[in-house]
>>> print(open('work04.csv').read())   # CSV, C-alpha atoms
chain,number,residue,atom,x,y,z
O,1,MET,CA,0.0,0.0,0.0
O,2,ALA,CA,1.4,3.4,-0.9
O,3,ALA,CA,2.2,5.7,2.0
O,4,GLN,CA,-0.4,8.3,1.2
O,5,GLU,CA,-3.1,5.6,0.9
O,6,LEU,CA,-2.0,4.2,4.3
O,7,TYR,CA,-2.2,7.6,5.9
O,8,GLN,CA,-5.7,8.2,4.5
O,9,GLU,CA,-6.8,4.9,5.9
O,10,LEU,CA,-5.4,5.5,9.3
O,11,ARG,CA,-6.5,9.2,9.7
O,12,PRO,CA,-10.2,8.6,10.6
O,13,GLY,CA,-9.5,6.2,13.5
O,14,ALA,CA,-6.8,8.5,14.9
O,15,PHE,CA,-9.1,11.5,14.6
O,16,GLY,CA,-11.8,9.6,16.4
O,17,ILE,CA,-9.5,9.1,19.4
O,18,ALA,CA,-8.1,12.6,19.4
O,19,TYR,CA,-11.4,14.3,19.1
O,20,ARG,CA,-13.0,12.4,21.9
O,21,MET,CA,-10.0,13.1,24.1
O,22,LEU,CA,-9.9,16.8,23.4
O,23,GLY,CA,-13.4,17.9,22.3
O,24,SER,CA,-11.8,20.1,19.7
O,25,VAL,CA,-11.8,19.5,15.9
O,26,SER,CA,-8.9,21.8,15.2
O,27,GLU,CA,-6.7,20.5,18.0
O,28,ALA,CA,-7.5,16.9,17.1
O,29,GLU,CA,-6.6,17.5,13.5
O,30,ASP,CA,-3.3,19.1,14.7
O,31,LEU,CA,-2.5,16.0,16.8
O,32,VAL,CA,-3.3,13.6,14.1
O,33,GLN,CA,-1.1,15.5,11.6
O,34,GLU,CA,1.7,15.4,14.1
O,35,GLY,CA,1.2,11.7,14.6
O,36,LEU,CA,1.2,11.0,10.9
O,37,LEU,CA,4.4,13.1,10.5
O,38,ARG,CA,6.1,10.9,13.2
O,39,LEU,CA,4.8,7.8,11.5
O,40,HIS,CA,6.1,8.9,8.2
O,41,ARG,CA,9.6,9.6,9.7
O,42,ALA,CA,9.6,6.2,11.4
O,43,LEU,CA,8.7,4.4,8.1
O,44,GLU,CA,11.3,6.4,6.2
O,45,ASP,CA,13.9,5.5,8.8
O,46,GLY,CA,13.0,1.8,8.5
O,47,GLU,CA,12.0,1.4,12.1
O,48,PRO,CA,10.4,-2.0,12.9
O,49,LEU,CA,6.9,-0.7,13.8
O,50,GLY,CA,4.9,-3.9,13.5
O,51,SER,CA,1.6,-2.2,13.1
O,52,PRO,CA,1.4,1.4,11.7
O,53,LYS,CA,-2.1,1.7,13.2
O,54,ALA,CA,-1.0,0.7,16.7
O,55,TYR,CA,2.0,3.1,16.4
O,56,LEU,CA,-0.2,6.0,15.3
O,57,SER,CA,-2.9,5.4,18.0
O,58,THR,CA,-0.1,5.3,20.6
O,59,ILE,CA,1.4,8.6,19.5
O,60,VAL,CA,-1.9,10.4,19.2
O,61,THR,CA,-3.2,9.2,22.6
O,62,ARG,CA,0.0,10.2,24.3
O,63,LEU,CA,0.0,13.6,22.6
O,64,ALA,CA,-3.7,14.1,23.7
O,65,ILE,CA,-2.9,13.2,27.3
O,66,ASP,CA,-0.1,15.8,27.4
O,67,HIS,CA,-2.3,18.3,25.6
O,68,LEU,CA,-5.2,17.9,28.1
O,69,ARG,CA,-2.8,18.3,31.1
O,70,SER,CA,-1.7,21.7,29.7
O,71,ALA,CA,-5.2,22.7,28.7
O,72,ARG,CA,-6.7,22.3,32.2
O,73,VAL,CA,-5.8,25.8,33.3
O,74,ARG,CA,-7.4,27.2,30.1
O,75,ARG,CA,-10.5,25.2,30.8
O,76,GLU,CA,-10.7,26.5,34.4
O,77,THR,CA,-10.6,30.1,33.2
O,78,TYR,CA,-13.0,29.6,30.3
O,79,VAL,CA,-15.8,32.3,30.3
O,80,GLY,CA,-19.1,30.6,30.8
O,81,GLU,CA,-19.9,27.0,30.2
O,82,TRP,CA,-17.5,24.9,28.1
O,83,LEU,CA,-18.9,22.7,25.3
O,84,PRO,CA,-16.9,20.7,22.7
O,85,GLU,CA,-16.6,22.0,19.1
O,86,PRO,CA,-19.5,20.4,17.3
O,87,LEU,CA,-18.9,17.8,14.7
O,88,ILE,CA,-21.3,17.4,11.8
O,89,THR,CA,-21.7,13.7,11.0
O,90,SER,CA,-23.6,11.7,8.5
O,91,ASP,CA,-25.2,8.3,8.0
O,92,GLU,CA,-22.0,7.1,6.4
O,93,ASP,CA,-19.9,7.9,9.5
O,94,ASP,CA,-19.1,5.2,12.0
O,95,PRO,CA,-20.8,6.9,14.9
O,96,SER,CA,-24.1,6.6,13.2
O,97,ARG,CA,-23.7,3.0,12.3
O,98,HIS,CA,-22.9,1.9,15.9
O,99,ALA,CA,-25.0,3.2,18.8
O,100,GLU,CA,-22.1,3.0,21.3
O,101,MET,CA,-19.9,5.0,19.0
O,102,ALA,CA,-22.6,7.6,18.6
O,103,ASP,CA,-23.2,7.9,22.3
O,104,SER,CA,-19.5,8.3,23.0
O,105,LEU,CA,-19.4,11.2,20.5
O,106,SER,CA,-22.4,13.2,21.9
O,107,LEU,CA,-21.7,16.7,23.3
O,108,ALA,CA,-23.2,15.6,26.6
O,109,PHE,CA,-20.9,12.7,26.9
O,110,LEU,CA,-17.8,14.6,25.9
O,111,VAL,CA,-18.6,17.2,28.6
O,112,LEU,CA,-18.9,14.3,31.1
O,113,LEU,CA,-15.5,13.0,30.2
O,114,GLU,CA,-14.1,16.3,31.3
O,115,SER,CA,-14.6,15.1,34.9
O,116,LEU,CA,-12.0,12.3,34.3
O,117,SER,CA,-8.2,12.8,34.5
O,118,PRO,CA,-6.5,12.8,31.1
O,119,GLU,CA,-5.1,9.3,31.8
O,120,GLN,CA,-8.5,8.0,32.9
O,121,ARG,CA,-10.1,9.5,29.9
O,122,ALA,CA,-7.6,7.7,27.6
O,123,VAL,CA,-8.0,4.3,29.2
O,124,PHE,CA,-11.8,4.5,29.3
O,125,LEU,CA,-12.1,5.5,25.6
O,126,LEU,CA,-9.6,3.0,24.3
O,127,ARG,CA,-11.2,0.2,26.3
O,128,ASP,CA,-14.9,0.9,26.4
O,129,VAL,CA,-15.3,2.7,23.1
O,130,PHE,CA,-12.5,1.5,20.8
O,131,ASP,CA,-12.3,-2.0,22.4
O,132,TYR,CA,-8.5,-2.1,22.7
O,133,PRO,CA,-7.1,-5.0,24.7
O,134,TYR,CA,-5.8,-4.1,28.2
O,135,ASP,CA,-2.2,-5.0,27.3
O,136,ARG,CA,-2.1,-2.6,24.4
O,137,ILE,CA,-3.7,0.2,26.5
O,138,ALA,CA,-1.1,-0.5,29.3
O,139,ALA,CA,1.7,0.0,26.8
O,140,ILE,CA,0.2,3.2,25.5
O,141,VAL,CA,-0.2,4.9,28.9
O,142,GLY,CA,2.9,3.4,30.5
O,143,LYS,CA,1.2,1.4,33.2
O,144,SER,CA,1.0,-2.2,34.2
O,145,GLU,CA,-2.0,-4.2,32.9
O,146,ALA,CA,-3.3,-4.5,36.4
O,147,ALA,CA,-3.1,-0.8,37.1
O,148,THR,CA,-4.7,-0.1,33.7
O,149,ARG,CA,-7.7,-2.3,34.6
O,150,GLN,CA,-8.1,-0.4,37.9
O,151,ILE,CA,-8.0,2.9,36.1
O,152,ALA,CA,-10.8,1.7,33.7
O,153,THR,CA,-12.9,0.4,36.6
O,154,ARG,CA,-12.6,3.7,38.5
O,155,ALA,CA,-13.5,5.7,35.3
O,156,ARG,CA,-16.6,3.5,34.7
O,157,LEU,CA,-17.8,3.9,38.3
O,158,HIS,CA,-17.3,7.6,38.1
O,159,LEU,CA,-19.4,7.9,34.9
O,160,ALA,CA,-22.0,5.2,35.7
O,161,ASP,CA,-24.7,7.4,37.2
O,162,ARG,CA,-24.0,10.5,35.1
O,163,ARG,CA,-24.1,9.0,31.6
O,164,PRO,CA,-26.8,10.7,29.5
O,165,ARG,CA,-30.0,8.8,28.5
O,166,TYR,CA,-31.0,8.6,24.8
O,167,GLU,CA,-34.1,7.5,23.0
O,168,PRO,CA,-33.2,3.9,21.7
O,169,SER,CA,-35.1,4.3,18.5
O,170,ARG,CA,-33.2,6.4,16.0
O,171,ARG,CA,-36.4,6.9,13.9
O,172,ARG,CA,-38.3,8.2,16.9
O,173,ARG,CA,-35.4,10.6,17.8
O,174,GLU,CA,-35.5,12.0,14.3
O,175,GLU,CA,-39.3,12.4,14.3
O,176,LEU,CA,-39.1,14.4,17.6
O,177,ALA,CA,-36.2,16.5,16.3
O,178,GLU,CA,-38.1,17.3,13.1
O,179,ARG,CA,-41.2,18.5,15.1
O,180,PHE,CA,-39.0,20.5,17.5
O,181,PHE,CA,-37.1,22.4,14.7
O,182,ALA,CA,-40.3,22.9,12.8
O,183,ALA,CA,-41.8,24.5,15.9
O,184,ALA,CA,-38.7,26.5,16.4
O,185,GLY,CA,-38.7,27.7,12.8
O,186,ASP,CA,-42.3,28.8,13.2
O,187,GLY,CA,-41.7,30.4,16.6
O,188,ASP,CA,-44.5,28.3,18.0
O,189,LEU,CA,-44.0,28.6,21.8
O,190,GLU,CA,-46.8,26.2,22.8
O,191,ARG,CA,-45.7,23.5,20.4
O,192,LEU,CA,-42.1,24.0,21.3
O,193,GLU,CA,-42.8,23.7,25.0
O,194,SER,CA,-44.9,20.5,24.5
O,195,LEU,CA,-41.9,18.6,23.2
O,196,LEU,CA,-39.6,19.5,26.1
O,197,ALA,CA,-39.2,17.3,29.2
O,198,GLU,CA,-40.3,18.8,32.5
O,199,ASP,CA,-36.7,18.9,33.7
O,200,VAL,CA,-35.1,19.8,30.3
O,201,GLU,CA,-31.6,21.4,30.4
O,202,LEU,CA,-30.4,24.2,28.2
O,203,HIS,CA,-26.7,24.7,27.9
O,204,GLY,CA,-24.9,27.4,25.9
O,205,ASP,CA,-21.2,28.1,25.0
O,206,GLY,CA,-20.3,31.6,23.8
O,207,GLY,CA,-16.7,31.5,25.3
O,208,GLY,CA,-16.9,35.2,26.2
O,209,ARG,CA,-16.8,36.0,22.5
O,210,VAL,CA,-20.5,36.5,22.0
O,211,PRO,CA,-23.5,36.8,24.5
O,212,ALA,CA,-24.6,33.4,25.8
O,213,LEU,CA,-26.0,31.8,28.9
O,214,ALA,CA,-23.8,32.3,31.9
O,215,ARG,CA,-25.0,29.0,33.3
O,216,ALA,CA,-27.3,26.2,32.3
O,217,LEU,CA,-31.1,26.7,32.5
O,218,TYR,CA,-33.5,24.1,33.8
O,219,GLY,CA,-37.2,23.5,33.4
O,220,ARG,CA,-39.7,23.3,30.5
O,221,ARG,CA,-41.3,26.7,30.7
O,222,ARG,CA,-38.1,28.6,31.4
O,223,VAL,CA,-36.2,26.9,28.6
O,224,ALA,CA,-39.1,27.3,26.1
O,225,HIS,CA,-39.5,31.0,26.8
O,226,THR,CA,-35.7,31.5,26.5
O,227,LEU,CA,-35.6,29.7,23.1
O,228,ALA,CA,-38.7,31.6,21.9
O,229,GLY,CA,-37.2,34.9,22.8
O,230,TRP,CA,-34.0,34.1,21.0
O,231,ILE,CA,-35.9,32.9,17.9
O,232,ALA,CA,-38.0,36.1,17.9
O,233,LEU,CA,-34.7,38.1,18.1
O,234,GLY,CA,-33.4,36.3,15.1
O,235,GLY,CA,-36.6,37.1,13.2
O,236,ARG,CA,-36.1,40.8,13.9
O,237,ALA,CA,-32.6,40.5,12.5
O,238,GLY,CA,-33.9,39.4,9.1
O,239,GLY,CA,-34.7,35.8,10.0
O,240,ILE,CA,-32.8,32.7,10.9
O,241,GLU,CA,-32.8,29.2,9.4
O,242,PHE,CA,-32.5,25.8,11.2
O,243,ARG,CA,-30.8,23.4,8.9
O,244,ARG,CA,-31.2,19.9,10.2
O,245,ALA,CA,-28.0,18.1,10.8
O,246,LYS,CA,-26.6,15.2,12.7
O,247,VAL,CA,-24.5,16.8,15.4
O,248,ASN,CA,-22.0,14.5,17.0
O,249,GLY,CA,-24.1,11.5,15.9
O,250,HIS,CA,-27.3,12.9,17.4
O,251,PRO,CA,-30.2,15.1,16.1
O,252,GLY,CA,-29.4,18.7,15.8
O,253,ALA,CA,-29.3,21.7,13.5
O,254,VAL,CA,-27.0,24.3,12.1
O,255,ILE,CA,-28.4,27.8,12.5
O,256,THR,CA,-27.7,30.4,9.9
O,257,GLY,CA,-28.6,34.1,9.6
O,258,ALA,CA,-30.1,36.1,6.8
O,259,ASP,CA,-26.7,36.3,5.0
O,260,GLY,CA,-26.3,32.5,5.2
O,261,GLY,CA,-23.4,32.7,7.7
O,262,LEU,CA,-23.3,30.5,10.8
O,263,ILE,CA,-24.7,31.7,14.0
O,264,GLY,CA,-24.7,28.5,16.1
O,265,VAL,CA,-25.2,24.8,16.3
O,266,TRP,CA,-27.8,23.0,18.5
O,267,SER,CA,-27.6,19.4,19.6
O,268,LEU,CA,-30.6,17.6,21.1
O,269,GLY,CA,-30.6,14.9,23.8
O,270,ILE,CA,-33.8,12.9,23.3
O,271,ALA,CA,-35.2,10.2,25.6
O,272,GLU,CA,-38.7,9.0,26.7
O,273,ASP,CA,-40.4,10.9,23.9
O,274,ARG,CA,-39.2,14.3,25.0
O,275,ILE,CA,-36.3,16.7,24.5
O,276,GLN,CA,-34.2,16.2,27.6
O,277,SER,CA,-31.3,18.6,26.8
O,278,ILE,CA,-30.3,21.2,24.3
O,279,ARG,CA,-26.7,22.3,23.8
O,280,SER,CA,-26.1,25.4,21.9
O,281,VAL,CA,-22.6,26.3,20.6
O,282,VAL,CA,-22.4,30.0,19.5
O,283,ASN,CA,-18.7,30.7,20.2
O,284,PRO,CA,-17.5,31.7,16.7
O,285,ASP,CA,-14.1,30.1,17.3
O,286,LYS,CA,-15.8,26.7,17.6
O,287,LEU,CA,-17.9,27.1,14.4
O,288,ALA,CA,-15.2,28.3,12.0
O,289,HIS,CA,-14.4,24.7,10.8
O,290,LEU,CA,-18.0,24.4,9.6
O,291,GLY,CA,-18.0,27.4,7.3
O,292,PRO,CA,-18.3,31.2,7.2
O,293,VAL,CA,-19.5,32.6,10.5
O,294,SER,CA,-21.8,35.6,10.9
O,295,GLY,CA,-21.9,35.3,14.6
O,296,LEU,CA,-24.5,36.0,17.3
O,297,THR,CA,-23.2,39.5,17.9
O,298,ALA,CA,-23.9,40.5,14.3
O,299,MET,CA,-27.4,39.1,14.6
O,300,LEU,CA,-28.0,41.1,17.8
O,301,GLU,CA,-26.8,44.3,16.2
O,302,ASN,CA,-29.1,43.7,13.2
O,303,ALA,CA,-32.0,43.1,15.5
O,304,ARG,CA,-31.4,46.3,17.4
O,305,ARG,CA,-31.0,48.3,14.2
O,306,ASP,CA,-34.1,46.9,12.5
O,307,GLY,CA,-36.1,47.0,15.7
O,308,GLY,CA,-35.1,50.5,16.5
>>> encode(input="work04.csv", output="structure tokens")
Amino acid sequence: MAAQELYQELRPGAFGIAYRMLGSVSEAEDLVQEGLLRLHRALEDGEPLGSPKAYLSTIVTRLAIDHLRSARVRRETYVGEWLPEPLITSDEDDPSRHAEMADSLSLAFLVLLESLSPEQRAVFLLRDVFDYPYDRIAAIVGKSEAATRQIATRARLHLADRRPRYEPSRRRREELAERFFAAAGDGDLERLESLLAEDVELHGDGGGRVPALARALYGRRRVAHTLAGWIALGGRAGGIEFRRAKVNGHPGAVITGADGGLIGVWSLGIAEDRIQSIRSVVNPDKLAHLGPVSGLTAMLENARRDGG
């Protein structure tokens, strides 16, 4: 197999590990590129690698652990709630073909992984998501196999009661999402509220770059009125469009303004025939990889000008 073909074959798996570790598309791509560069040098030097895939996953995982350790201070000083950079997936992507892969990619689950140490996060993902054998994981993280098993057990126990619930039927999830975004597009508060769970959560990430929720909101009525007010504001700014998309393997939408530029991405957590959570990423730095960004600030300025 030609080198470039090999790298193209290995890239998606390496990115899957890096993105779940970091929650950032751009940073994951940088780590994968660095890993591929090191793999290329090793192959060029004739190093006896055994498995290029194993070599690359080892390099990428170790780089991600080091990166997370240095990123902790930045996360602690982040303005407002931190959410991962959204990833637009499709039915051809592996997360959509396998429920466990899709659940491990959700914004809610990636936020939950933030409560683990970098090492715990690596061990948990490699074992429970990517099904690596313990001896390989032990070699990657530089621990004994017994210690690696203990790390995995502690990580599972830590996450057990916090893992998000999801509607098991993908068709039902899509139907509810379709109704939700139709109601949002119409600005129909009553219909919007009827689709929300009583204890629904609304999370927002503006990163201090644009106005966003300072903290999560809870409760059907409060969340519905907040969403309706935001949608009405978009209408005064020339209109907004909800373009249905699979966000991190789950129902969601890309929100664009009157000029077609990106304003935000919403991801829905659906279970028990209701919307249990909505995660809204409006930080323009976290949207740039998806296309041209108009930004929430521009929408607000347009609304004030047109409304005034």
>>> closest_residue(input="work04.csv", among="O:Ile59, O:Ala214, O:Leu290, O:Leu49", to="Leu31 of chain O", atoms="only C-alpha atoms")
O:Ile59
>>> residues_around(input="work04.csv", residues="Ser26 of chain O", least_positions_apart="5", cutoff="9 Å", atoms="all atoms listed in the file", output="list in words")
Tyr19, Leu31, Glu85, Lys286 and His289 of chain O
>>> residues_around(input="work04.csv", residues="Ile240 of chain O", least_positions_apart="4", cutoff="10 Å", atoms="all atoms listed in the file", output="number ranges by chain")
O: 185, 231-236, 255-263, 299
>>> closest_atom_pairs(input="work04.csv", of="segment 48-149 of chain O", to="segment 160-174 of chain O", cutoff="8 Å", atoms="all atoms listed in the file", output="CSV")
residue,atom,partner,partner_atom,distance
O:Ala108,CA,O:Pro164,CA,6.7
O:Phe109,CA,O:Pro164,CA,6.8
O:Leu112,CA,O:Arg163,CA,7.4
>>> residues_around(input="work04.csv", residues="Ser106 of chain O", least_positions_apart="6", cutoff="12 Å", atoms="all atoms listed in the file", output="MDAnalysis selection string")
chainID O and resid 19:20 23 83:89 95:96 99:100 112:113 163:166 246:252 266:270 277:279
>>> residues_near_point(input="work04.csv", point="(-11.2, 3.9, 27.8)", cutoff="12 Å", atoms="all atoms listed in the file", output="VMD selection string")
chain O and resid 17 20 to 21 61 104 113 116 to 134 136 to 138 140 to 141 148 to 156 159
>>> residues_near_point(input="work04.csv", point="(-38.4, 24.2, 13.3)", cutoff="12 Å", atoms="only C-alpha atoms", output="MDAnalysis selection string")
chainID O and resid 175:189 191:192 195 227:228 231 240:244 252:255 266
>>> decode(input="work04.csv", residues="segment 215-239 of chain O", atoms="N, CA, C and O atoms", output="mmCIF file, in the first residue's frame")
data_model
loop_
_atom_site.group_PDB
_atom_site.id
_atom_site.type_symbol
_atom_site.label_atom_id
_atom_site.label_comp_id
_atom_site.auth_asym_id
_atom_site.auth_seq_id
_atom_site.Cartn_x
_atom_site.Cartn_y
_atom_site.Cartn_z
ATOM 1 N N ARG O 215 -24.885 30.321 32.728
ATOM 2 C CA ARG O 215 -24.961 28.977 33.311
ATOM 3 C C ARG O 215 -26.167 28.266 32.720
ATOM 4 O O ARG O 215 -27.028 28.902 32.103
ATOM 5 N N ALA O 216 -26.229 26.973 32.909
ATOM 6 C CA ALA O 216 -27.315 26.184 32.332
ATOM 7 C C ALA O 216 -28.665 26.595 32.917
ATOM 8 O O ALA O 216 -28.761 27.008 34.082
ATOM 9 N N LEU O 217 -29.718 26.508 32.088
ATOM 10 C CA LEU O 217 -31.092 26.737 32.525
ATOM 11 C C LEU O 217 -31.820 25.402 32.624
ATOM 12 O O LEU O 217 -31.544 24.487 31.839
ATOM 13 N N TYR O 218 -32.770 25.305 33.553
ATOM 14 C CA TYR O 218 -33.504 24.065 33.756
ATOM 15 C C TYR O 218 -35.005 24.351 33.824
ATOM 16 O O TYR O 218 -35.424 25.399 34.315
ATOM 17 N N GLY O 219 -35.790 23.403 33.330
ATOM 18 C CA GLY O 219 -37.238 23.510 33.427
ATOM 19 C C GLY O 219 -37.902 23.856 32.107
ATOM 20 O O GLY O 219 -37.427 24.734 31.373
ATOM 21 N N ARG O 220 -38.997 23.175 31.819
ATOM 22 C CA ARG O 220 -39.671 23.286 30.523
ATOM 23 C C ARG O 220 -40.070 24.712 30.181
ATOM 24 O O ARG O 220 -39.746 25.211 29.104
ATOM 25 N N ARG O 221 -40.788 25.367 31.077
ATOM 26 C CA ARG O 221 -41.313 26.692 30.747
ATOM 27 C C ARG O 221 -40.204 27.721 30.570
ATOM 28 O O ARG O 221 -40.211 28.515 29.623
ATOM 29 N N ARG O 222 -39.238 27.681 31.473
ATOM 30 C CA ARG O 222 -38.139 28.640 31.409
ATOM 31 C C ARG O 222 -37.326 28.458 30.130
ATOM 32 O O ARG O 222 -36.974 29.434 29.461
ATOM 33 N N VAL O 223 -37.027 27.220 29.790
ATOM 34 C CA VAL O 223 -36.236 26.941 28.584
ATOM 35 C C VAL O 223 -37.012 27.321 27.332
ATOM 36 O O VAL O 223 -36.480 27.949 26.413
ATOM 37 N N ALA O 224 -38.310 26.971 27.293
ATOM 38 C CA ALA O 224 -39.135 27.283 26.117
ATOM 39 C C ALA O 224 -39.207 28.785 25.884
ATOM 40 O O ALA O 224 -39.077 29.257 24.742
ATOM 41 N N HIS O 225 -39.400 29.569 26.939
ATOM 42 C CA HIS O 225 -39.493 31.024 26.789
ATOM 43 C C HIS O 225 -38.145 31.623 26.370
ATOM 44 O O HIS O 225 -38.111 32.579 25.583
ATOM 45 N N THR O 226 -37.055 31.068 26.880
ATOM 46 C CA THR O 226 -35.727 31.542 26.485
ATOM 47 C C THR O 226 -35.489 31.286 24.999
ATOM 48 O O THR O 226 -35.013 32.164 24.264
ATOM 49 N N LEU O 227 -35.823 30.071 24.544
ATOM 50 C CA LEU O 227 -35.648 29.738 23.132
ATOM 51 C C LEU O 227 -36.539 30.604 22.248
ATOM 52 O O LEU O 227 -36.098 31.107 21.204
ATOM 53 N N ALA O 228 -37.794 30.774 22.666
ATOM 54 C CA ALA O 228 -38.735 31.569 21.870
ATOM 55 C C ALA O 228 -38.261 33.015 21.751
ATOM 56 O O ALA O 228 -38.362 33.638 20.686
ATOM 57 N N GLY O 229 -37.723 33.561 22.850
ATOM 58 C CA GLY O 229 -37.215 34.932 22.818
ATOM 59 C C GLY O 229 -36.032 35.065 21.886
ATOM 60 O O GLY O 229 -35.919 36.052 21.136
ATOM 61 N N TRP O 230 -35.159 34.063 21.896
ATOM 62 C CA TRP O 230 -33.985 34.088 21.021
ATOM 63 C C TRP O 230 -34.398 33.972 19.555
ATOM 64 O O TRP O 230 -33.864 34.664 18.687
ATOM 65 N N ILE O 231 -35.376 33.114 19.285
ATOM 66 C CA ILE O 231 -35.863 32.934 17.911
ATOM 67 C C ILE O 231 -36.536 34.211 17.409
ATOM 68 O O ILE O 231 -36.352 34.624 16.254
ATOM 69 N N ALA O 232 -37.306 34.860 18.278
ATOM 70 C CA ALA O 232 -37.956 36.117 17.905
ATOM 71 C C ALA O 232 -36.911 37.192 17.591
ATOM 72 O O ALA O 232 -37.071 37.984 16.655
ATOM 73 N N LEU O 233 -35.832 37.200 18.354
ATOM 74 C CA LEU O 233 -34.737 38.144 18.110
ATOM 75 C C LEU O 233 -34.129 37.895 16.730
ATOM 76 O O LEU O 233 -33.845 38.833 15.981
ATOM 77 N N GLY O 234 -33.962 36.616 16.390
ATOM 78 C CA GLY O 234 -33.449 36.268 15.072
ATOM 79 C C GLY O 234 -34.367 36.730 13.959
ATOM 80 O O GLY O 234 -33.915 37.175 12.896
ATOM 81 N N GLY O 235 -35.661 36.645 14.215
ATOM 82 C CA GLY O 235 -36.637 37.111 13.229
ATOM 83 C C GLY O 235 -36.510 38.602 12.982
ATOM 84 O O GLY O 235 -36.606 39.062 11.835
ATOM 85 N N ARG O 236 -36.256 39.366 14.036
ATOM 86 C CA ARG O 236 -36.109 40.811 13.883
ATOM 87 C C ARG O 236 -34.807 41.179 13.174
ATOM 88 O O ARG O 236 -34.666 42.288 12.664
ATOM 89 N N ALA O 237 -33.855 40.227 13.161
ATOM 90 C CA ALA O 237 -32.572 40.480 12.505
ATOM 91 C C ALA O 237 -32.583 40.044 11.048
ATOM 92 O O ALA O 237 -31.527 39.959 10.428
ATOM 93 N N GLY O 238 -33.761 39.773 10.505
ATOM 94 C CA GLY O 238 -33.851 39.364 9.109
ATOM 95 C C GLY O 238 -34.173 37.900 8.916
ATOM 96 O O GLY O 238 -34.292 37.423 7.788
ATOM 97 N N GLY O 239 -34.297 37.188 10.043
ATOM 98 C CA GLY O 239 -34.664 35.776 9.966
ATOM 99 C C GLY O 239 -33.490 34.839 10.170
ATOM 100 O O GLY O 239 -32.345 35.172 9.846
#
